[in-house]
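For reference, the structure discussed in these notes is given below.
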Amino acid sequence: MLTLKQTLGAILLVSLSPISVAQNAIETYRNCGSMPHLEKQIAEYPEITNERARIEAQTQDYIRRTPSVSQRSVLTIPVVVHVLYNTVRENISDAQIQSQIDALNRDFRKMNAEVTRIPTDFQSIAADVNIEFCLAKRQPNGLPTTGIERLRSTNTSWQANDDMKLSEKGGLNAWDASKYLNIWVCSLNGGALGYATFPGSPLSTDGVVIDYRYFGTYNTRAPFHLGRTTTHEVGHWLNLFHIWGDGICGDDHCDDTPKHQGANYGCPTYPLVRTNCGGSNVEMTMNFMDYTNDACMYLFTNSQKARMLSLFAVGSARRGFVEANLCGFIPPPVCAVPTNLSISNISAQSVTVAWTASADNATFTIEYRRISDSTWTSAANLTANSFVINGLQSSTTYQLRLRSRCTNAIESSDTPILTAQTLEKIIIPPSPPLAECTDVFEPNNSSSVASKLESTIKITGMIADYRDRDWFRLDVPAGTSIKINLSNLPADYDIRLFDNRFRLVQTSENQGNADENLTYTTSAGQDFLLIYIYGYNAAFHPAKCYALEIKSFVNGTQNVSKSNLRKINVKKADYTEGVILSPNPTSGVVNIELPTANKATIQVFNILGQLVLTSQNDAYNQLTIDLYAANNGVYFVKIEQDRQVWTKKIVKN
């Protein structure tokens, strides 16, 4: 049994001459970067030394206790290939990747064509390693995979320093290295065709790196064109040393491999006999762990097989691969079928469909059709858990169904079909006349849309709900005296006067229904005034109007309006049977006050009886509907609350 000192000595010995030759002519001489990389790792992580010694002791114990490994069952190792490319040529094809997997399987199962060339002296120790390789069928998260991932990089080449294995360095992170053989394929510089990590290295960088020019069995560069560079590096990953022990007549810890004076290159003529290591040794130049050309290396030995298989024993460094089972076919997951499909808010032309989705659901597809039709209409890529189907025919029976689609999964099957019957088209009779004011200026709820008045005028207006405010603008010359009277108040209203710089100049805030009066004389530069009328504590009345009278005097003489008072019948609000709609007519927004805060449903129909808008209150007895997008014309508002139904007419202009 090897001592710890012997073991570590073998690990750290590196033959420099092959590397030097390979760097001078990389396409002629093989060069492997695994031992220099191990030496660098030990310098960076000294604890690797103890772990490597432990693994070596475990390996020797396994070999001692398991003298025969010829009848072992076949172990399949899942592989993930990370392709890092800068040019199109570096982005090798799936077929080229598969050719490398096939080459590994031939070499490790002693099924390569060259086995017929194994010399008689070595035929009895040439091994079927009983290890196979596959492209992984399942990602670490359990989802299906091809076992290949790709990344276009700005790097034109990579050093043998593991940067390609780290996303923060521009590379691709390893998959769980206790269950996957990670192989990075990229453009390597520095002279090496590839390199590998030995067992005991950090899992975050564990695996094999191969130059793209030597990966696979076609579109590769001779004399390293048969996939043996990867076979050689995977041998290191499985704890094999170079056959010369990385030193002159060194020890590769395999009893059935002859001593080698050093690395062999090209295709040496058999037998190659050297005596420098003592005795007359015929060197095993065709061993995968030598440095010969691809066409001239074609065997592993039984001792090498034992070293490799020891890694998969219980408690050993790569035991996780035995239990992973990541090579078998994994059927793709199926997205869950939505549940609790329901239909509500059925009208003459629409229905609302709602459902419950599983956590993994991403998007949904609703299909519907008349029961008499054979084809379905669909609404796809829905992300909410409800959808309103519009444009249906009244008094018609429809069928509906739903399915879901998830990321990286098969679309679900359809839900059971639901049936819905649309309502008859509603013919709404016209409402009785509504209360009228002579206010022709709405909307004027802010100073920016203040209604312009003559300097001498009398109008009526309305504070129709708690949100309503009235702003008016007077254009007057300097030195004009203004008298403003706000009377006929249905509630406690107040009035304020601002100048053209929006400075408050007068206020009248009498209590209750008492008239409000203001008097003010403009000064130089005040070319207009702003009048602000509002309800104290949001007071309002949706059916009664206030009176606003303005008189102006210049040098004691009252101005006379240049135009007659315009009286236009503007229907301001509807307050019958406990329901308030204002303003009416409206330019868009309609405020609705309900008798109670209980749930209510509001539907708006055009004059043809077509539903144009639906809404619901939310624990309030006020809500707003928006008709800005609707065409001008007459509309009917249907309000249902507490088993009562109100129908109101409203004008959009």
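Note on naming: chains are A, B, ... as they come in the structure tokens, residues start from 1 per chain, ligands start from 1 in the order shown.
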
Could you give me, as a PyMOL selection string, the residues within 10 Å of A:Thr422, counting only C-alpha atoms and dropping anything in the same chain fewer than 6 positions from it?
chain A and resi 345-351+392-398

Find the spatial neighbours of stretch 74-90 of chain A, counting only C-alpha atoms, within a cut-off of 7 Å - ignore same-chain residues fewer than 3 positions away - and output them as JSON, numbers by chain.
{"A": [130, 131, 132, 133, 134, 135, 136, 147, 148, 149, 150, 151, 152, 153, 154, 155, 156, 172, 180, 181, 182, 183, 184, 185, 186, 212, 321, 322, 326, 327]}

Mind checking which residues fall within 10 Å of A:Tyr218, counting only C-alpha atoms, ignoring those fewer than 4 positions away in the same chain, and posting them as number ranges by chain?
A: 95-97, 99-100, 213-214, 222, 225-227

I'd like the contact shell of stretch 279-292 of chain A - 9 Å cut-off, only C-alpha atoms, skipping same-chain residues fewer than 6 positions apart - returned as a VMD selection string.
chain A and resid 18 29 to 32 107 118 122 228 to 229 231 to 233 235 to 236 240 to 244 257 to 273 298 to 301

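Atom CA of A:Asn444 to atom CA of A:Asp626 spans 16.9 Å [interatomic distance, one decimal].
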
Need the shell around A:Gly512: protein/DNA/RNA residues with any atom at most 8 Å away, counting only C-alpha atoms. Skip same-chain ones fewer than 3 positions apart. Format as an MDAnalysis selection string?
chainID A and resid 491:493

Residue neighbourhood A:Tyr466, 12 Å, only C-alpha atoms, exclusion window fewer than 3 positions, as a list of chain:residue names
A:Asn445, A:Met462, A:Ile463, A:Arg469, A:Asp470, A:Ala491, A:Tyr493, A:Tyr534, A:Gly535, A:Tyr536, A:Asn537, A:Ala538, A:Ala539, A:Phe540, A:His541, A:Pro542, A:Ile580, A:Ser582, A:Asn591, A:Ile592, A:Glu593, A:Asn621, A:Gln622, A:Leu623

Written file, previous selection with N, CA and C atoms, as a PDB file, in the first residue's frame:
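The result, written out as part.pdb:
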ATOM      1  N   ASN A 445     -64.910  72.027 -12.320  1.00  0.00           N
ATOM      2  CA  ASN A 445     -64.552  71.594 -10.964  1.00  0.00           C
ATOM      3  C   ASN A 445     -63.159  72.024 -10.526  1.00  0.00           C
ATOM      4  N   MET A 462     -75.350  74.385  -9.615  1.00  0.00           N
ATOM      5  CA  MET A 462     -75.632  73.302  -8.678  1.00  0.00           C
ATOM      6  C   MET A 462     -74.336  72.703  -8.139  1.00  0.00           C
ATOM      7  N   ILE A 463     -74.316  72.470  -6.811  1.00  0.00           N
ATOM      8  CA  ILE A 463     -73.305  71.609  -6.199  1.00  0.00           C
ATOM      9  C   ILE A 463     -73.986  70.258  -6.055  1.00  0.00           C
ATOM     10  N   ARG A 469     -67.399  71.090  -7.180  1.00  0.00           N
ATOM     11  CA  ARG A 469     -66.974  72.461  -6.899  1.00  0.00           C
ATOM     12  C   ARG A 469     -67.242  73.276  -8.164  1.00  0.00           C
ATOM     13  N   ASP A 470     -67.539  74.563  -8.022  1.00  0.00           N
ATOM     14  CA  ASP A 470     -67.776  75.408  -9.196  1.00  0.00           C
ATOM     15  C   ASP A 470     -66.777  76.553  -9.195  1.00  0.00           C
ATOM     16  N   ALA A 491     -78.139  74.451   0.731  1.00  0.00           N
ATOM     17  CA  ALA A 491     -77.297  73.919   1.809  1.00  0.00           C
ATOM     18  C   ALA A 491     -76.293  75.000   2.177  1.00  0.00           C
ATOM     19  N   TYR A 493     -73.437  76.752   1.616  1.00  0.00           N
ATOM     20  CA  TYR A 493     -72.421  76.979   0.604  1.00  0.00           C
ATOM     21  C   TYR A 493     -71.634  78.231   0.960  1.00  0.00           C
ATOM     22  N   TYR A 534     -68.347  76.450  -3.120  1.00  0.00           N
ATOM     23  CA  TYR A 534     -68.183  75.084  -2.608  1.00  0.00           C
ATOM     24  C   TYR A 534     -69.114  74.879  -1.425  1.00  0.00           C
ATOM     25  N   GLY A 535     -69.351  73.609  -1.078  1.00  0.00           N
ATOM     26  CA  GLY A 535     -70.171  73.261   0.067  1.00  0.00           C
ATOM     27  C   GLY A 535     -69.327  73.120   1.313  1.00  0.00           C
ATOM     28  N   TYR A 536     -69.751  73.806   2.381  1.00  0.00           N
ATOM     29  CA  TYR A 536     -69.033  73.698   3.653  1.00  0.00           C
ATOM     30  C   TYR A 536     -69.186  72.271   4.183  1.00  0.00           C
ATOM     31  N   ASN A 537     -68.039  71.660   4.597  1.00  0.00           N
ATOM     32  CA  ASN A 537     -68.036  70.256   5.026  1.00  0.00           C
ATOM     33  C   ASN A 537     -68.655  69.355   3.957  1.00  0.00           C
ATOM     34  N   ALA A 538     -68.340  69.654   2.686  1.00  0.00           N
ATOM     35  CA  ALA A 538     -68.794  68.862   1.533  1.00  0.00           C
ATOM     36  C   ALA A 538     -70.316  68.839   1.407  1.00  0.00           C
ATOM     37  N   ALA A 539     -70.966  69.926   1.822  1.00  0.00           N
ATOM     38  CA  ALA A 539     -72.419  70.004   1.672  1.00  0.00           C
ATOM     39  C   ALA A 539     -72.783  70.065   0.188  1.00  0.00           C
ATOM     40  N   PHE A 540     -73.925  69.496  -0.153  1.00  0.00           N
ATOM     41  CA  PHE A 540     -74.390  69.528  -1.542  1.00  0.00           C
ATOM     42  C   PHE A 540     -75.889  69.248  -1.560  1.00  0.00           C
ATOM     43  N   HIS A 541     -76.477  69.481  -2.718  1.00  0.00           N
ATOM     44  CA  HIS A 541     -77.868  69.077  -2.938  1.00  0.00           C
ATOM     45  C   HIS A 541     -78.015  68.714  -4.413  1.00  0.00           C
ATOM     46  N   PRO A 542     -78.434  67.483  -4.679  1.00  0.00           N
ATOM     47  CA  PRO A 542     -78.429  67.020  -6.074  1.00  0.00           C
ATOM     48  C   PRO A 542     -79.641  67.445  -6.890  1.00  0.00           C
ATOM     49  N   ILE A 580     -79.048  59.031  -7.129  1.00  0.00           N
ATOM     50  CA  ILE A 580     -78.612  60.325  -7.667  1.00  0.00           C
ATOM     51  C   ILE A 580     -77.611  60.089  -8.779  1.00  0.00           C
ATOM     52  N   SER A 582     -75.235  62.495 -11.420  1.00  0.00           N
ATOM     53  CA  SER A 582     -74.847  63.862 -11.777  1.00  0.00           C
ATOM     54  C   SER A 582     -73.408  63.847 -12.289  1.00  0.00           C
ATOM     55  N   ASN A 591     -71.329  60.766 -11.613  1.00  0.00           N
ATOM     56  CA  ASN A 591     -71.298  60.417 -10.188  1.00  0.00           C
ATOM     57  C   ASN A 591     -72.634  59.817  -9.804  1.00  0.00           C
ATOM     58  N   ILE A 592     -72.602  58.685  -9.081  1.00  0.00           N
ATOM     59  CA  ILE A 592     -73.820  57.977  -8.685  1.00  0.00           C
ATOM     60  C   ILE A 592     -73.831  57.853  -7.166  1.00  0.00           C
ATOM     61  N   GLU A 593     -74.923  58.309  -6.540  1.00  0.00           N
ATOM     62  CA  GLU A 593     -75.099  58.098  -5.101  1.00  0.00           C
ATOM     63  C   GLU A 593     -76.250  57.121  -4.912  1.00  0.00           C
ATOM     64  N   ASN A 621     -71.610  54.098  -0.727  1.00  0.00           N
ATOM     65  CA  ASN A 621     -72.857  54.417  -1.414  1.00  0.00           C
ATOM     66  C   ASN A 621     -72.649  55.430  -2.524  1.00  0.00           C
ATOM     67  N   GLN A 622     -71.375  55.736  -2.843  1.00  0.00           N
ATOM     68  CA  GLN A 622     -71.060  56.570  -3.999  1.00  0.00           C
ATOM     69  C   GLN A 622     -70.077  55.836  -4.893  1.00  0.00           C
ATOM     70  N   LEU A 623     -70.219  55.997  -6.196  1.00  0.00           N
ATOM     71  CA  LEU A 623     -69.236  55.509  -7.144  1.00  0.00           C
ATOM     72  C   LEU A 623     -69.305  56.355  -8.407  1.00  0.00           C
TER      73      LEU A 623
END

Excluding same-chain residues fewer than 2 positions from A:Leu341, what lies within 10 Å of it counting only C-alpha atoms, as a VMD selection string?
chain A and resid 338 to 339 343 353 to 357 385 to 386 400 to 402 415 to 418

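Across stretch 241-350 of chain A, DSSP run on the backbone finds strand (DSSP E or B) at Val273, Arg274, Asn281, Val282, Asn287, Leu299, Thr301, Val334, Thr339, Asn340, Leu341, Ser342, Ile343 and Ser344 of chain A.
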
Go ahead and write the residues just picked, N, CA, C and O atoms, as a CSV table (one decimal), in the first residue's frame.
chain,number,residue,atom,x,y,z
A,273,VAL,N,10.8,-0.1,-26.5
A,273,VAL,CA,11.5,-0.7,-25.4
A,273,VAL,C,12.4,0.4,-24.8
A,273,VAL,O,13.2,0.9,-25.6
A,274,ARG,N,12.3,0.7,-23.5
A,274,ARG,CA,13.3,1.6,-22.9
A,274,ARG,C,13.8,0.9,-21.6
A,274,ARG,O,13.0,0.2,-20.9
A,281,ASN,N,11.6,-2.7,-20.3
A,281,ASN,CA,10.2,-2.5,-20.3
A,281,ASN,C,9.7,-2.1,-21.7
A,281,ASN,O,10.3,-1.3,-22.4
A,282,VAL,N,8.6,-2.8,-22.1
A,282,VAL,CA,7.9,-2.4,-23.3
A,282,VAL,C,6.8,-1.4,-22.9
A,282,VAL,O,5.9,-1.7,-22.1
A,287,ASN,N,-2.0,3.4,-24.3
A,287,ASN,CA,-2.9,3.7,-23.2
A,287,ASN,C,-3.5,5.1,-23.3
A,287,ASN,O,-2.8,6.0,-23.7
A,299,LEU,N,-6.7,1.9,-25.1
A,299,LEU,CA,-7.0,1.0,-24.0
A,299,LEU,C,-6.9,1.6,-22.6
A,299,LEU,O,-6.0,2.5,-22.4
A,301,THR,N,-6.5,-0.2,-18.6
A,301,THR,CA,-6.2,-1.5,-18.0
A,301,THR,C,-7.1,-1.8,-16.8
A,301,THR,O,-7.8,-1.0,-16.3
A,334,VAL,N,-46.8,18.3,-17.0
A,334,VAL,CA,-48.1,18.8,-17.6
A,334,VAL,C,-48.6,19.9,-16.7
A,334,VAL,O,-48.7,19.7,-15.5
A,339,THR,N,-59.1,25.1,-11.8
A,339,THR,CA,-60.3,24.6,-11.1
A,339,THR,C,-61.3,25.7,-10.8
A,339,THR,O,-61.0,26.9,-11.0
A,340,ASN,N,-62.4,25.3,-10.3
A,340,ASN,CA,-63.5,26.2,-9.9
A,340,ASN,C,-63.9,27.2,-11.0
A,340,ASN,O,-64.1,28.4,-10.8
A,341,LEU,N,-64.0,26.7,-12.2
A,341,LEU,CA,-64.5,27.5,-13.3
A,341,LEU,C,-65.9,27.9,-13.0
A,341,LEU,O,-66.8,27.1,-12.7
A,342,SER,N,-66.2,29.2,-13.2
A,342,SER,CA,-67.6,29.7,-12.9
A,342,SER,C,-68.0,30.8,-13.8
A,342,SER,O,-67.1,31.4,-14.4
A,343,ILE,N,-69.3,31.1,-13.9
A,343,ILE,CA,-69.8,32.1,-14.8
A,343,ILE,C,-70.7,33.0,-14.0
A,343,ILE,O,-71.5,32.6,-13.1
A,344,SER,N,-70.5,34.4,-14.2
A,344,SER,CA,-71.3,35.3,-13.5
A,344,SER,C,-71.6,36.5,-14.4
A,344,SER,O,-71.1,36.6,-15.5

Ranking A:Ser124, A:Tyr532, A:Gly194, A:Gln511 by minimum distance to A:Leu497 and counting only C-alpha atoms, which one comes first?
A:Tyr532

So how far away is atom CA of A:Trp471 from atom CA of A:Val449, in Å?
7.6 Å
